[in-house]
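Okay, target28.cif now, which holds mmCIF, C-alpha atoms:
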data_work
#
loop_
_atom_site.label_atom_id
_atom_site.label_comp_id
_atom_site.auth_asym_id
_atom_site.auth_seq_id
_atom_site.Cartn_x
_atom_site.Cartn_y
_atom_site.Cartn_z
CA MET Z 1 -6.46 36.52 -32.76
CA ASN Z 2 -8.38 35.53 -29.65
CA LYS Z 3 -6.03 34.16 -26.97
CA LEU Z 4 -8.81 33.37 -24.48
CA PRO Z 5 -9.29 29.69 -25.50
CA GLY Z 6 -5.55 29.07 -25.12
CA ILE Z 7 -5.41 30.84 -21.75
CA PHE Z 8 -8.52 28.97 -20.58
CA PHE Z 9 -6.93 25.65 -21.63
CA ALA Z 10 -3.68 26.52 -19.83
CA LEU Z 11 -5.53 27.50 -16.64
CA THR Z 12 -7.62 24.32 -16.77
CA LEU Z 13 -4.49 22.23 -17.26
CA LEU Z 14 -2.74 24.07 -14.41
CA GLY Z 15 -5.74 23.44 -12.16
CA GLN Z 16 -5.65 19.72 -12.99
CA ILE Z 17 -1.90 19.55 -12.31
CA GLN Z 18 -2.35 21.36 -8.99
CA ALA Z 19 -5.20 19.02 -8.03
CA GLN Z 20 -3.02 16.00 -8.85
CA THR Z 21 -0.12 17.46 -6.89
CA SER Z 22 -2.45 18.10 -3.98
CA ASP Z 23 -3.87 14.57 -4.21
CA LYS Z 24 -0.35 13.13 -4.34
CA GLU Z 25 0.63 15.09 -1.23
CA ILE Z 26 -2.52 13.90 0.54
CA ILE Z 27 -1.82 10.31 -0.47
CA HIS Z 28 1.77 10.57 0.81
CA SER Z 29 0.39 11.81 4.13
CA ILE Z 30 -2.22 9.05 4.31
CA VAL Z 31 0.21 6.22 3.58
CA ASP Z 32 2.81 7.72 5.95
CA GLY Z 33 0.08 8.11 8.60
CA TRP Z 34 -0.98 4.50 8.06
CA HIS Z 35 2.57 3.29 8.69
CA ILE Z 36 2.91 5.60 11.71
CA ALA Z 37 -0.38 4.29 13.16
CA ALA Z 38 1.01 0.74 12.99
CA GLY Z 39 4.29 1.84 14.60
CA GLU Z 40 2.31 3.47 17.41
CA ALA Z 41 -0.06 0.46 17.62
CA ASN Z 42 -3.05 2.71 16.99
CA PHE Z 43 -5.60 0.15 15.79
CA GLU Z 44 -8.43 2.61 15.09
CA ASN Z 45 -6.30 5.03 13.08
CA TYR Z 46 -4.61 2.24 11.14
CA PHE Z 47 -7.78 0.48 10.06
CA GLY Z 48 -9.68 3.75 9.71
CA LEU Z 49 -7.44 4.61 6.76
CA MET Z 50 -8.57 1.50 4.88
CA THR Z 51 -11.72 0.98 2.83
CA GLU Z 52 -14.29 -1.48 4.18
CA ASP Z 53 -13.50 -3.86 1.30
CA ALA Z 54 -9.71 -3.49 1.68
CA ILE Z 55 -7.33 -6.38 1.00
CA PHE Z 56 -3.91 -6.80 2.66
CA ILE Z 57 -1.40 -9.23 1.16
CA GLY Z 58 1.57 -10.08 3.37
CA THR Z 59 4.93 -11.69 2.71
CA ASP Z 60 3.74 -15.25 3.35
CA ALA Z 61 1.90 -16.90 0.44
CA ALA Z 62 -1.06 -17.65 2.74
CA GLU Z 63 -1.42 -14.01 3.84
CA VAL Z 64 -4.29 -12.71 1.74
CA TRP Z 65 -6.76 -11.04 4.07
CA ASN Z 66 -9.86 -8.93 3.71
CA LYS Z 67 -10.09 -6.07 6.20
CA THR Z 68 -12.02 -8.08 8.81
CA GLU Z 69 -9.55 -10.97 8.64
CA PHE Z 70 -6.57 -8.62 8.77
CA MET Z 71 -8.05 -6.82 11.78
CA ALA Z 72 -8.47 -10.16 13.59
CA PHE Z 73 -4.88 -11.18 12.75
CA SER Z 74 -3.45 -7.79 13.75
CA LYS Z 75 -5.44 -7.08 16.92
CA PRO Z 76 -3.17 -9.06 19.31
CA TYR Z 77 -0.11 -7.16 18.02
CA PHE Z 78 -1.82 -3.79 18.39
CA ASP Z 79 -3.14 -4.77 21.84
CA LYS Z 80 0.40 -5.53 23.00
CA GLY Z 81 1.37 -2.00 21.97
CA LYS Z 82 3.77 -3.19 19.29
CA ALA Z 83 2.59 -3.76 15.76
CA TRP Z 84 5.11 -3.12 12.96
CA ASP Z 85 7.18 -0.08 12.19
CA PHE Z 86 7.68 0.60 8.48
CA LYS Z 87 9.28 3.79 7.25
CA ALA Z 88 9.06 4.77 3.59
CA ILE Z 89 12.41 5.53 2.03
CA GLN Z 90 11.02 6.18 -1.45
CA ARG Z 91 7.53 6.25 -2.91
CA ASN Z 92 6.02 6.74 -6.38
CA ILE Z 93 2.36 7.71 -6.70
CA TYR Z 94 0.24 7.53 -9.82
CA LEU Z 95 -3.29 8.88 -10.38
CA ASP Z 96 -5.91 7.79 -12.88
CA PRO Z 97 -7.39 10.60 -15.01
CA SER Z 98 -10.68 10.55 -13.09
CA GLY Z 99 -8.87 11.44 -9.86
CA THR Z 100 -10.66 8.70 -7.92
CA ILE Z 101 -8.08 5.89 -8.05
CA ALA Z 102 -4.39 6.06 -7.17
CA TRP Z 103 -1.69 3.43 -6.95
CA PHE Z 104 1.79 3.52 -5.49
CA ASP Z 105 4.94 1.58 -4.89
CA GLU Z 106 7.35 2.20 -2.06
CA LEU Z 107 10.61 0.98 -0.58
CA LEU Z 108 10.41 0.50 3.17
CA ASP Z 109 12.90 0.32 6.01
CA THR Z 110 11.52 -2.47 8.25
CA TRP Z 111 12.60 -5.02 10.84
CA MET Z 112 12.89 -7.41 7.85
CA GLN Z 113 15.38 -4.98 6.27
CA LEU Z 114 14.39 -3.50 2.92
CA CYS Z 115 10.84 -4.35 1.78
CA ARG Z 116 8.61 -3.19 -1.03
CA GLY Z 117 5.03 -2.16 -0.60
CA SER Z 118 2.52 -1.41 -3.30
CA GLY Z 119 -1.05 -0.38 -3.01
CA VAL Z 120 -4.21 1.12 -4.40
CA LEU Z 121 -6.24 3.95 -2.90
CA LYS Z 122 -9.81 4.89 -3.72
CA LYS Z 123 -11.43 8.23 -3.14
CA GLU Z 124 -14.61 7.60 -1.15
CA ASN Z 125 -16.86 10.50 -0.20
CA GLY Z 126 -14.03 12.88 -1.10
CA LYS Z 127 -11.42 11.09 1.07
CA TRP Z 128 -8.58 8.83 -0.01
CA LYS Z 129 -8.51 5.38 1.60
CA ILE Z 130 -6.26 2.37 1.15
CA ALA Z 131 -8.13 -0.36 -0.73
CA HIS Z 132 -5.33 -2.83 -1.48
CA TYR Z 133 -1.81 -3.29 -0.14
CA VAL Z 134 0.91 -5.81 -0.95
CA LEU Z 135 4.04 -6.19 1.18
CA SER Z 136 7.02 -8.08 -0.21
CA VAL Z 137 10.54 -8.78 0.91
CA THR Z 138 13.19 -7.64 -1.55
CA ILE Z 139 15.85 -10.16 -2.53
CA PRO Z 140 18.95 -9.21 -4.50
CA ASN Z 141 19.00 -11.13 -7.80
CA GLU Z 142 22.41 -12.65 -7.05
CA GLU Z 143 21.02 -14.08 -3.76
CA ILE Z 144 17.88 -15.70 -5.13
CA ASP Z 145 19.19 -19.28 -5.40
CA PRO Z 146 19.64 -19.80 -1.63
CA VAL Z 147 16.20 -18.26 -1.03
CA ILE Z 148 14.60 -20.61 -3.56
CA ALA Z 149 16.28 -23.58 -1.85
CA LEU Z 150 15.07 -22.36 1.56
CA LYS Z 151 11.43 -22.13 0.53
CA LYS Z 152 11.23 -24.96 -2.01
CA GLU Z 153 9.71 -27.65 0.23
CA ARG Z 154 7.11 -25.40 1.86
CA ASP Z 155 6.13 -23.79 -1.45
CA SER Z 156 5.66 -27.16 -3.16
CA THR Z 157 3.40 -28.34 -0.30
CA TYR Z 158 1.41 -25.10 -0.50
CA VAL Z 159 1.04 -25.36 -4.28
CA LYS Z 160 -0.20 -28.96 -4.00
CA ALA Z 161 -2.80 -27.88 -1.43
CA LEU Z 162 -3.99 -25.05 -3.69
CA ILE Z 163 -4.27 -27.32 -6.71
CA LYS Z 164 -6.47 -29.75 -4.73
CA GLN Z 165 -8.96 -26.99 -3.92
#

Mind turning this structure into structure tokens?
Amino acid sequence: MNKLPGIFFALTLLGQIQAQTSDKEIIHSIVDGWHIAAGEANFENYFGLMTEDAIFIGTDAAEVWNKTEFMAFSKPYFDKGKAWDFKAIQRNIYLDPSGTIAWFDELLDTWMQLCRGSGVLKKENGKWKIAHYVLSVTIPNEEIDPVIALKKERDSTYVKALIKQ
């Protein structure tokens, strides 16, 4: 019996697993570095880790920015030497089979207390870059009613404005 096809398959599979592990480690470093760049108010490093067509979605319903818009919004904070300081407590990373798209979710320690971030990275010219990021505030289920009451009026005004568009 020839064992070479089985060995070849096992080595190929091992190589793919190692590549994914390596990509996951790289992605962890990139996302951590992105958060660190914000904490250090390093504008160039922060936005350099994003694709040119990146989208950032913040905690406010109106905060949906392309990279240029997000740079304009963020620049005054970075210029003052104090942007935001998010530290990942936990992160899950997933890779598509092609190895060119990854997505993640993370829990963050922030000035807003616990937040959740999720994002998508694309591999461009052999380098991973953040293409999409969503930041949300976590709310315990048993505390949702007071939060709904707090935002009800503003949300209804915002929804009416969106419907008119």

### Query
So, counting only C-alpha atoms, which residue among Z:Ser98, Z:Thr157, Z:Ser136, Z:Ser29 is closest to Lys123 of chain Z?
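Nearest candidate to Lys123 of chain Z out of Z:Ser98, Z:Thr157, Z:Ser136, Z:Ser29: Z:Ser98.
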
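By chain and then residue number, the residues within 9 Å of Gly81 of chain Z are Gly39, Glu40, Ala41, Asn42, Pro76 and Tyr77 of chain Z, counting all atoms listed in the file and disregarding those fewer than 4 positions away in sequence.
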
### Task
Could you check which of Z:Glu69, Z:Ile55, Z:Lys160, Z:Asp85 is closest to Ser118 of chain Z, using only C-alpha atoms?
Z:Ile55

Decode the PyMOL selection byres ((chain Z and resi 99) around 9) for the given file into explicit residues and return them as a short mmCIF file (atom, residue, chain, number, x, y, z; two decimals) with C-alpha atoms, in the frame of the given file.
data_model
loop_
_atom_site.label_atom_id
_atom_site.label_comp_id
_atom_site.auth_asym_id
_atom_site.auth_seq_id
_atom_site.Cartn_x
_atom_site.Cartn_y
_atom_site.Cartn_z
CA ALA Z 19 -5.20 19.02 -8.03
CA GLN Z 20 -3.02 16.00 -8.85
CA ASP Z 23 -3.87 14.57 -4.21
CA LEU Z 95 -3.29 8.88 -10.38
CA ASP Z 96 -5.91 7.79 -12.88
CA PRO Z 97 -7.39 10.60 -15.01
CA SER Z 98 -10.68 10.55 -13.09
CA THR Z 100 -10.66 8.70 -7.92
CA ILE Z 101 -8.08 5.89 -8.05
CA ALA Z 102 -4.39 6.06 -7.17
CA LYS Z 123 -11.43 8.23 -3.14
#

### Query
When distances are computed from all atoms listed in the file, which of Z:Ile27, Z:Asp79, Z:Ala38, Z:Lys129 shows the smallest separation from Phe104 of chain Z?
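Nearest candidate to Phe104 of chain Z out of Z:Ile27, Z:Asp79, Z:Ala38, Z:Lys129: Z:Ile27.
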
### Task
Give me the result of the PyMOL selection byres ((chain Z and resi 36) around 12) on this file, residue by residue, as a list in words.
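Written out, the selection comes to Ser29, Ile30, Val31, Asp32, Gly33, Trp34, His35, Ala37, Ala38, Gly39, Glu40, Ala41, Asn42, Phe43, Asn45, Tyr46, Phe47, Leu49, Lys82, Ala83, Trp84, Asp85, Phe86, Lys87 and Ala88 of chain Z.
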
### Query
Which residue out of Z:Asp60, Z:Leu121, Z:Ile93, Z:Val159 has the minimum interatomic distance to Leu135 of chain Z when all atoms listed in the file are used?
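Closest candidate: Z:Asp60.
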
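One finds atom CA of Asn92 of chain Z at 24.5 Å from atom CA of Asn66 of chain Z.
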
### Task
Calculate how many Å separate atom CA of Ser156 of chain Z from atom CA of Ala62 of chain Z, rounding to one decimal.
13.1 Å

### Summary
Shortest contact to Lys24 of chain Z, candidates Z:Lys164, Z:Arg91, Z:His132, Z:Lys151, atoms counted only C-alpha atoms, goes to Z:Arg91

### Which residue of Z:Val120, Z:Asp145, Z:Asp155, Z:His28 approaches Trp103 of chain Z most closely, using all atoms listed in the file
Z:Val120

### Task
Report as a list in words the full result of the PyMOL selection byres ((chain Z and resi 113) around 12) when it is applied to this structure.
Asp85, Phe86, Lys87, Ala88, Ile89, Leu107, Leu108, Asp109, Thr110, Trp111, Met112, Leu114, Cys115, Arg116, Ser136, Val137, Thr138 and Ile139 of chain Z

### Summary
In Å and to one decimal, atom CA of Lys67 of chain Z is distant from atom CA of Gly48 of chain Z by 10.4 Å
